[in-house]
$ cat protein_37.pdb   # PDB, C-alpha atoms
ATOM      1  CA  LEU A   1      -0.914  -6.844   3.733
ATOM      2  CA  ILE A   2      -2.647  -5.174   0.807
ATOM      3  CA  ALA A   3      -1.078  -2.845  -1.780
ATOM      4  CA  PRO A   4      -3.740  -2.236  -4.471
ATOM      5  CA  ARG A   5      -1.720   0.448  -6.300
ATOM      6  CA  SER A   6       0.954  -2.167  -7.092
ATOM      7  CA  GLY A   7      -1.363  -3.631  -9.723
ATOM      8  CA  ASN A   8      -1.865  -6.736  -7.633
ATOM      9  CA  GLU A   9      -5.346  -6.483  -6.155
ATOM     10  CA  ALA A  10      -4.844  -9.278  -3.663
ATOM     11  CA  ALA A  11      -4.242  -9.604   0.034
ATOM     12  CA  VAL A  12      -1.063 -11.387   1.113
ATOM     13  CA  VAL A  13      -0.860 -13.335   4.371
ATOM     14  CA  THR A  14       2.130 -11.865   6.199
ATOM     15  CA  ALA A  15       3.650 -12.868   9.518
ATOM     16  CA  ARG A  16       5.603 -10.278  11.511
ATOM     17  CA  ALA A  17       7.399 -10.929  14.774
ATOM     18  CA  VAL A  18      10.265  -9.773  16.932
ATOM     19  CA  GLN A  19      13.441 -11.642  16.097
ATOM     20  CA  PRO A  20      14.072 -14.421  18.633
ATOM     21  CA  ASP A  21      16.974 -14.140  21.052
ATOM     22  CA  GLY A  22      20.165 -16.025  20.367
ATOM     23  CA  VAL A  23      22.733 -16.304  17.643
ATOM     24  CA  TRP A  24      21.231 -17.002  14.234
ATOM     25  CA  LEU A  25      23.063 -17.717  10.996
ATOM     26  CA  PRO A  26      21.862 -16.387   7.657
ATOM     27  CA  GLY A  27      20.305 -18.951   5.352
ATOM     28  CA  GLN A  28      17.285 -20.145   3.489
ATOM     29  CA  VAL A  29      13.914 -20.321   5.263
ATOM     30  CA  GLN A  30      11.261 -22.741   4.017
ATOM     31  CA  LEU A  31       7.734 -21.346   4.345
ATOM     32  CA  GLN A  32       4.647 -23.515   4.827
ATOM     33  CA  ARG A  33       1.025 -22.495   5.260
ATOM     34  CA  ASP A  34      -1.654 -24.926   6.424
ATOM     35  CA  GLY A  35       0.795 -27.773   5.814
ATOM     36  CA  SER A  36       1.554 -26.755   2.223
ATOM     37  CA  TYR A  37       4.869 -25.446   0.950
ATOM     38  CA  VAL A  38       4.485 -21.831  -0.249
ATOM     39  CA  GLY A  39       8.088 -20.898  -0.958
ATOM     40  CA  ALA A  40      11.482 -20.087   0.402
ATOM     41  CA  LEU A  41      13.449 -16.951   1.065
ATOM     42  CA  GLN A  42      16.913 -15.944   2.089
ATOM     43  CA  TRP A  43      16.968 -14.685   5.694
ATOM     44  CA  ASP A  44      19.664 -12.447   7.093
ATOM     45  CA  PRO A  45      19.263 -12.061  10.875
ATOM     46  CA  GLN A  46      21.537  -8.998  10.822
ATOM     47  CA  ALA A  47      19.150  -7.106   8.507
ATOM     48  CA  GLY A  48      16.904  -5.950  11.349
ATOM     49  CA  ASP A  49      15.328  -6.738  14.679
ATOM     50  CA  ARG A  50      12.003  -7.942  13.220
ATOM     51  CA  LEU A  51      10.994 -10.909  11.092
ATOM     52  CA  GLN A  52       8.577 -10.545   8.205
ATOM     53  CA  PHE A  53       7.541 -13.430   5.979
ATOM     54  CA  ALA A  54       4.929 -13.502   3.196
ATOM     55  CA  PHE A  55       2.862 -16.696   2.942
ATOM     56  CA  GLY A  56       0.998 -16.113  -0.320
ATOM     57  CA  ARG A  57      -2.394 -14.734  -1.286
ATOM     58  CA  ASP A  58      -5.337 -14.739   1.076
ATOM     59  CA  PRO A  59      -8.346 -15.882  -0.974
ATOM     60  CA  LEU A  60     -10.729 -14.891   1.833
ATOM     61  CA  VAL A  61      -9.932 -11.173   1.530
ATOM     62  CA  ARG A  62     -11.261  -9.517  -1.630
ATOM     63  CA  VAL A  63      -9.727  -6.278  -2.875
ATOM     64  CA  SER A  64     -11.034  -4.053  -5.653
ATOM     65  CA  VAL A  65     -10.211  -0.582  -6.929
ATOM     66  CA  GLU A  66     -12.920   1.851  -8.011
ATOM     67  CA  HIS A  67     -11.503   4.573 -10.261
ATOM     68  CA  ARG A  68     -13.540   7.681  -9.414
ATOM     69  CA  ALA A  69     -11.573  10.193 -11.489
ATOM     70  CA  ARG A  70      -8.519  10.253 -13.739
ATOM     71  CA  LYS A  71      -8.011  13.511 -15.578
ATOM     72  CA  SER A  72      -5.029  15.224 -17.152
ATOM     73  CA  GLY A  73      -4.917  18.539 -18.916
ATOM     74  CA  GLU A  74      -3.993  22.190 -18.941
ATOM     75  CA  VAL A  75      -5.216  24.602 -16.295
ATOM     76  CA  GLY A  76      -4.801  28.337 -16.116
ATOM     77  CA  PHE A  77      -4.999  30.326 -19.327
ATOM     78  CA  PHE A  78      -2.012  32.568 -18.557
ATOM     79  CA  ASN A  79       0.437  30.348 -16.710
ATOM     80  CA  GLY A  80      -0.132  27.300 -18.923
ATOM     81  CA  ALA A  81       0.296  24.738 -16.164
ATOM     82  CA  ASN A  82      -0.669  21.092 -16.401
ATOM     83  CA  GLN A  83      -2.729  19.260 -13.841
ATOM     84  CA  ARG A  84      -3.367  15.592 -13.195
ATOM     85  CA  ARG A  85      -6.074  14.276 -10.889
ATOM     86  CA  ILE A  86      -6.250  10.733  -9.585
ATOM     87  CA  ALA A  87      -9.131   9.638  -7.350
ATOM     88  CA  ASP A  88      -9.630   6.003  -6.392
ATOM     89  CA  THR A  89     -11.431   3.995  -3.729
ATOM     90  CA  TYR A  90     -10.021   0.743  -2.393
ATOM     91  CA  VAL A  91     -12.708  -1.699  -1.288
ATOM     92  CA  VAL A  92     -11.532  -4.487   1.035
ATOM     93  CA  THR A  93     -13.903  -7.268   2.141
ATOM     94  CA  SER A  94     -13.080 -10.081   4.538
ATOM     95  CA  THR A  95     -14.925 -13.371   4.202
ATOM     96  CA  HIS A  96     -12.987 -14.976   7.048
ATOM     97  CA  ARG A  97     -15.020 -16.583   9.851
ATOM     98  CA  GLN A  98     -13.047 -14.684  12.485
ATOM     99  CA  PRO A  99     -11.754 -11.100  12.657
ATOM    100  CA  VAL A 100      -8.622 -10.491  10.588
ATOM    101  CA  ASP A 101      -6.041  -7.684  10.791
ATOM    102  CA  VAL A 102      -5.293  -5.955   7.481
ATOM    103  CA  LEU A 103      -2.815  -3.296   6.459
ATOM    104  CA  VAL A 104      -3.636  -1.382   3.267
ATOM    105  CA  LEU A 105      -0.599   0.439   1.846
ATOM    106  CA  GLU A 106      -0.657   3.454  -0.496
ATOM    107  CA  PRO A 107       2.390   5.056  -2.146
ATOM    108  CA  THR A 108       1.405   8.726  -2.146
ATOM    109  CA  PRO A 109       2.985  10.979  -4.794
ATOM    110  CA  VAL A 110       5.965  12.890  -3.413
ATOM    111  CA  SER A 111       7.336  15.882  -5.305
ATOM    112  CA  GLU A 112      11.086  16.071  -5.839
ATOM    113  CA  SER A 113      10.824  19.546  -7.414
ATOM    114  CA  ASP A 114       9.575  22.912  -6.207
ATOM    115  CA  LYS A 115       7.835  23.267  -9.608
ATOM    116  CA  VAL A 116       5.552  20.330  -8.876
ATOM    117  CA  THR A 117       2.872  20.524  -6.186
ATOM    118  CA  VAL A 118       0.858  17.625  -4.856
ATOM    119  CA  LYS A 119      -2.425  18.027  -2.987
ATOM    120  CA  THR A 120      -3.437  14.869  -1.161
ATOM    121  CA  ALA A 121      -6.773  13.925   0.414
ATOM    122  CA  LEU A 122      -7.015  10.511   2.103
ATOM    123  CA  ARG A 123     -10.177   9.271   3.818
ATOM    124  CA  PRO A 124     -10.129   7.957   6.434
ATOM    125  CA  GLU A 125      -6.920   9.524   7.651
ATOM    126  CA  PRO A 126      -4.075   6.948   7.489
ATOM    127  CA  ASP A 127      -2.755   5.726  10.820
ATOM    128  CA  VAL A 128       0.582   4.626   9.308
ATOM    129  CA  ARG A 129       3.058   7.153   7.870
ATOM    130  CA  ASP A 130       6.348   6.419   6.073
ATOM    131  CA  TRP A 131       5.866   2.669   6.525
ATOM    132  CA  GLU A 132       9.196   0.935   7.185
ATOM    133  CA  HIS A 133      10.925   4.327   6.759
ATOM    134  CA  ARG A 134       9.761   4.638   3.132
ATOM    135  CA  ARG A 135       8.957   8.253   2.349
ATOM    136  CA  GLY A 136       5.369   8.787   1.228
ATOM    137  CA  LEU A 137       4.210   5.214   1.899
ATOM    138  CA  VAL A 138       1.115   5.501   4.090
ATOM    139  CA  GLY A 139      -1.339   2.914   5.287
ATOM    140  CA  TRP A 140      -4.467   2.009   7.126
ATOM    141  CA  SER A 141      -4.429  -0.771   9.697
ATOM    142  CA  ARG A 142      -7.829  -2.249  10.490
ATOM    143  CA  THR A 143      -9.391  -5.298  12.038
ATOM    144  CA  LEU A 144     -12.160  -6.513   9.748
ATOM    145  CA  LYS A 145     -14.979  -8.563  11.229
ATOM    146  CA  PRO A 146     -16.407 -11.519   9.276
ATOM    147  CA  ASN A 147     -18.065 -10.270   6.060
ATOM    148  CA  GLU A 148     -17.083  -6.667   6.816
ATOM    149  CA  THR A 149     -16.147  -4.244   4.034
ATOM    150  CA  ALA A 150     -13.875  -1.231   4.475
ATOM    151  CA  ARG A 151     -13.416   1.611   1.978
ATOM    152  CA  PHE A 152     -10.339   3.803   1.620
ATOM    153  CA  ASP A 153     -10.469   6.929  -0.570
ATOM    154  CA  VAL A 154      -7.365   8.444  -2.167
ATOM    155  CA  ASP A 155      -7.452  11.705  -4.103
ATOM    156  CA  TYR A 156      -4.451  13.496  -5.612
ATOM    157  CA  VAL A 157      -4.144  16.698  -7.609
ATOM    158  CA  ILE A 158      -0.691  17.185  -9.132
ATOM    159  CA  ASP A 159       0.188  20.546 -10.687
ATOM    160  CA  TYR A 160       3.295  20.791 -12.877
ATOM    161  CA  PRO A 161       4.750  23.108 -15.564
ATOM    162  CA  LYS A 162       3.298  23.024 -19.065
ATOM    163  CA  ASP A 163       6.530  21.766 -20.597
ATOM    164  CA  GLY A 164       7.128  19.289 -17.776
ATOM    165  CA  VAL A 165       6.527  15.586 -17.441
ATOM    166  CA  VAL A 166       5.569  13.779 -14.238
ATOM    167  CA  GLN A 167       6.653  10.159 -14.012
ATOM    168  CA  GLY A 168       5.607   7.279 -11.800
ATOM    169  CA  LEU A 169       1.880   8.039 -11.690
ATOM    170  CA  PRO A 170      -0.808   5.480 -12.478
TER     171      PRO A 170
END
$ encode --input "protein_37.pdb" --output "structure tokens"
Amino acid sequence: LIAPRSGNEAAVVTARAVQPDGVWLPGQVQLQRDGSYVGALQWDPQAGDRLQFAFGRDPLVRVSVEHRARKSGEVGFFNGANQRRIADTYVVTSTHRQPVDVLVLEPTPVSESDKVTVKTALRPEPDVRDWEHRRGLVGWSRTLKPNETARFDVDYVIDYPKDGVVQGLP
């Protein structure tokens, strides 16, 4: 699981599974990876029908962000609108000895106002939309071969009124 926009350019080893049959009580779950303790979490079996546990960083998956463009300013002489452009490339490289499944997540800007427009260009096209029912959270799921690198381009143009402020953008 990789979420470069979160400011944490690291891959996290995550296990997902269907919840086992039977009656399970809520409680603390101790997590171990390769025989080492990595943490604990509170598990509530009534919270959903799937299990998801994070087992810490994966040092064999490298993640970097290339900032291609970041511009803010006024556009349009007569209407006096503001525009912000954000264009980044996420570069993900696996140095595992076997193929590894990765999920790269991107929180796309979502306008809550009819005065703000967002133009989005994502390459390649994401195969995950509204991940875990979270509006605007898209992703790319890939299987990376040993020493394979994948690139994911995100490009946003946000137009908003001259006297307005847009929050939550990088």
$ residues_around --input "protein_37.pdb" --residues "stretch 106-113 of chain A" --least-positions-apart "4" --cutoff "9 Å" --atoms "only C-alpha atoms" --output "PyMOL selection string"
chain A and resi 2-6+117-118+120+135-140+154+156+158+168-169
$ resolve_selection --input "protein_37.pdb" --expression "the PyMOL selection byres ((chain A and resi 49) around 6)" --output "ChimeraX atom specification"
/A:19,48,50
$ atom_distance --input "protein_37.pdb" --atom1 "atom CA of A:Val157" --atom2 "atom CA of A:Leu105"
19.1 Å
$ resolve_selection --input "protein_37.pdb" --expression "the PyMOL selection byres ((chain A and resi 142-150) around 7)" --output "ChimeraX atom specification"
/A:91-103,140-141,151-152
$ resolve_selection --input "protein_37.pdb" --expression "the PyMOL selection byres ((chain A and resi 54) around 9)" --output "NGL selection string"
:A and (1 or 12-16 or 31 or 52-53 or 55-57)
$ atom_distance --input "protein_37.pdb" --atom1 "atom CA of A:Asp114" --atom2 "atom CA of A:Tyr160"
9.4 Å
$ atom_distance --input "protein_37.pdb" --atom1 "atom CA of A:Ile86" --atom2 "atom CA of A:Asp127"
21.3 Å
$ closest_residue --input "protein_37.pdb" --among "A:Leu51, A:Asp153, A:Gln167, A:Leu60" --to "A:Ala17" --atoms "only C-alpha atoms"
A:Leu51
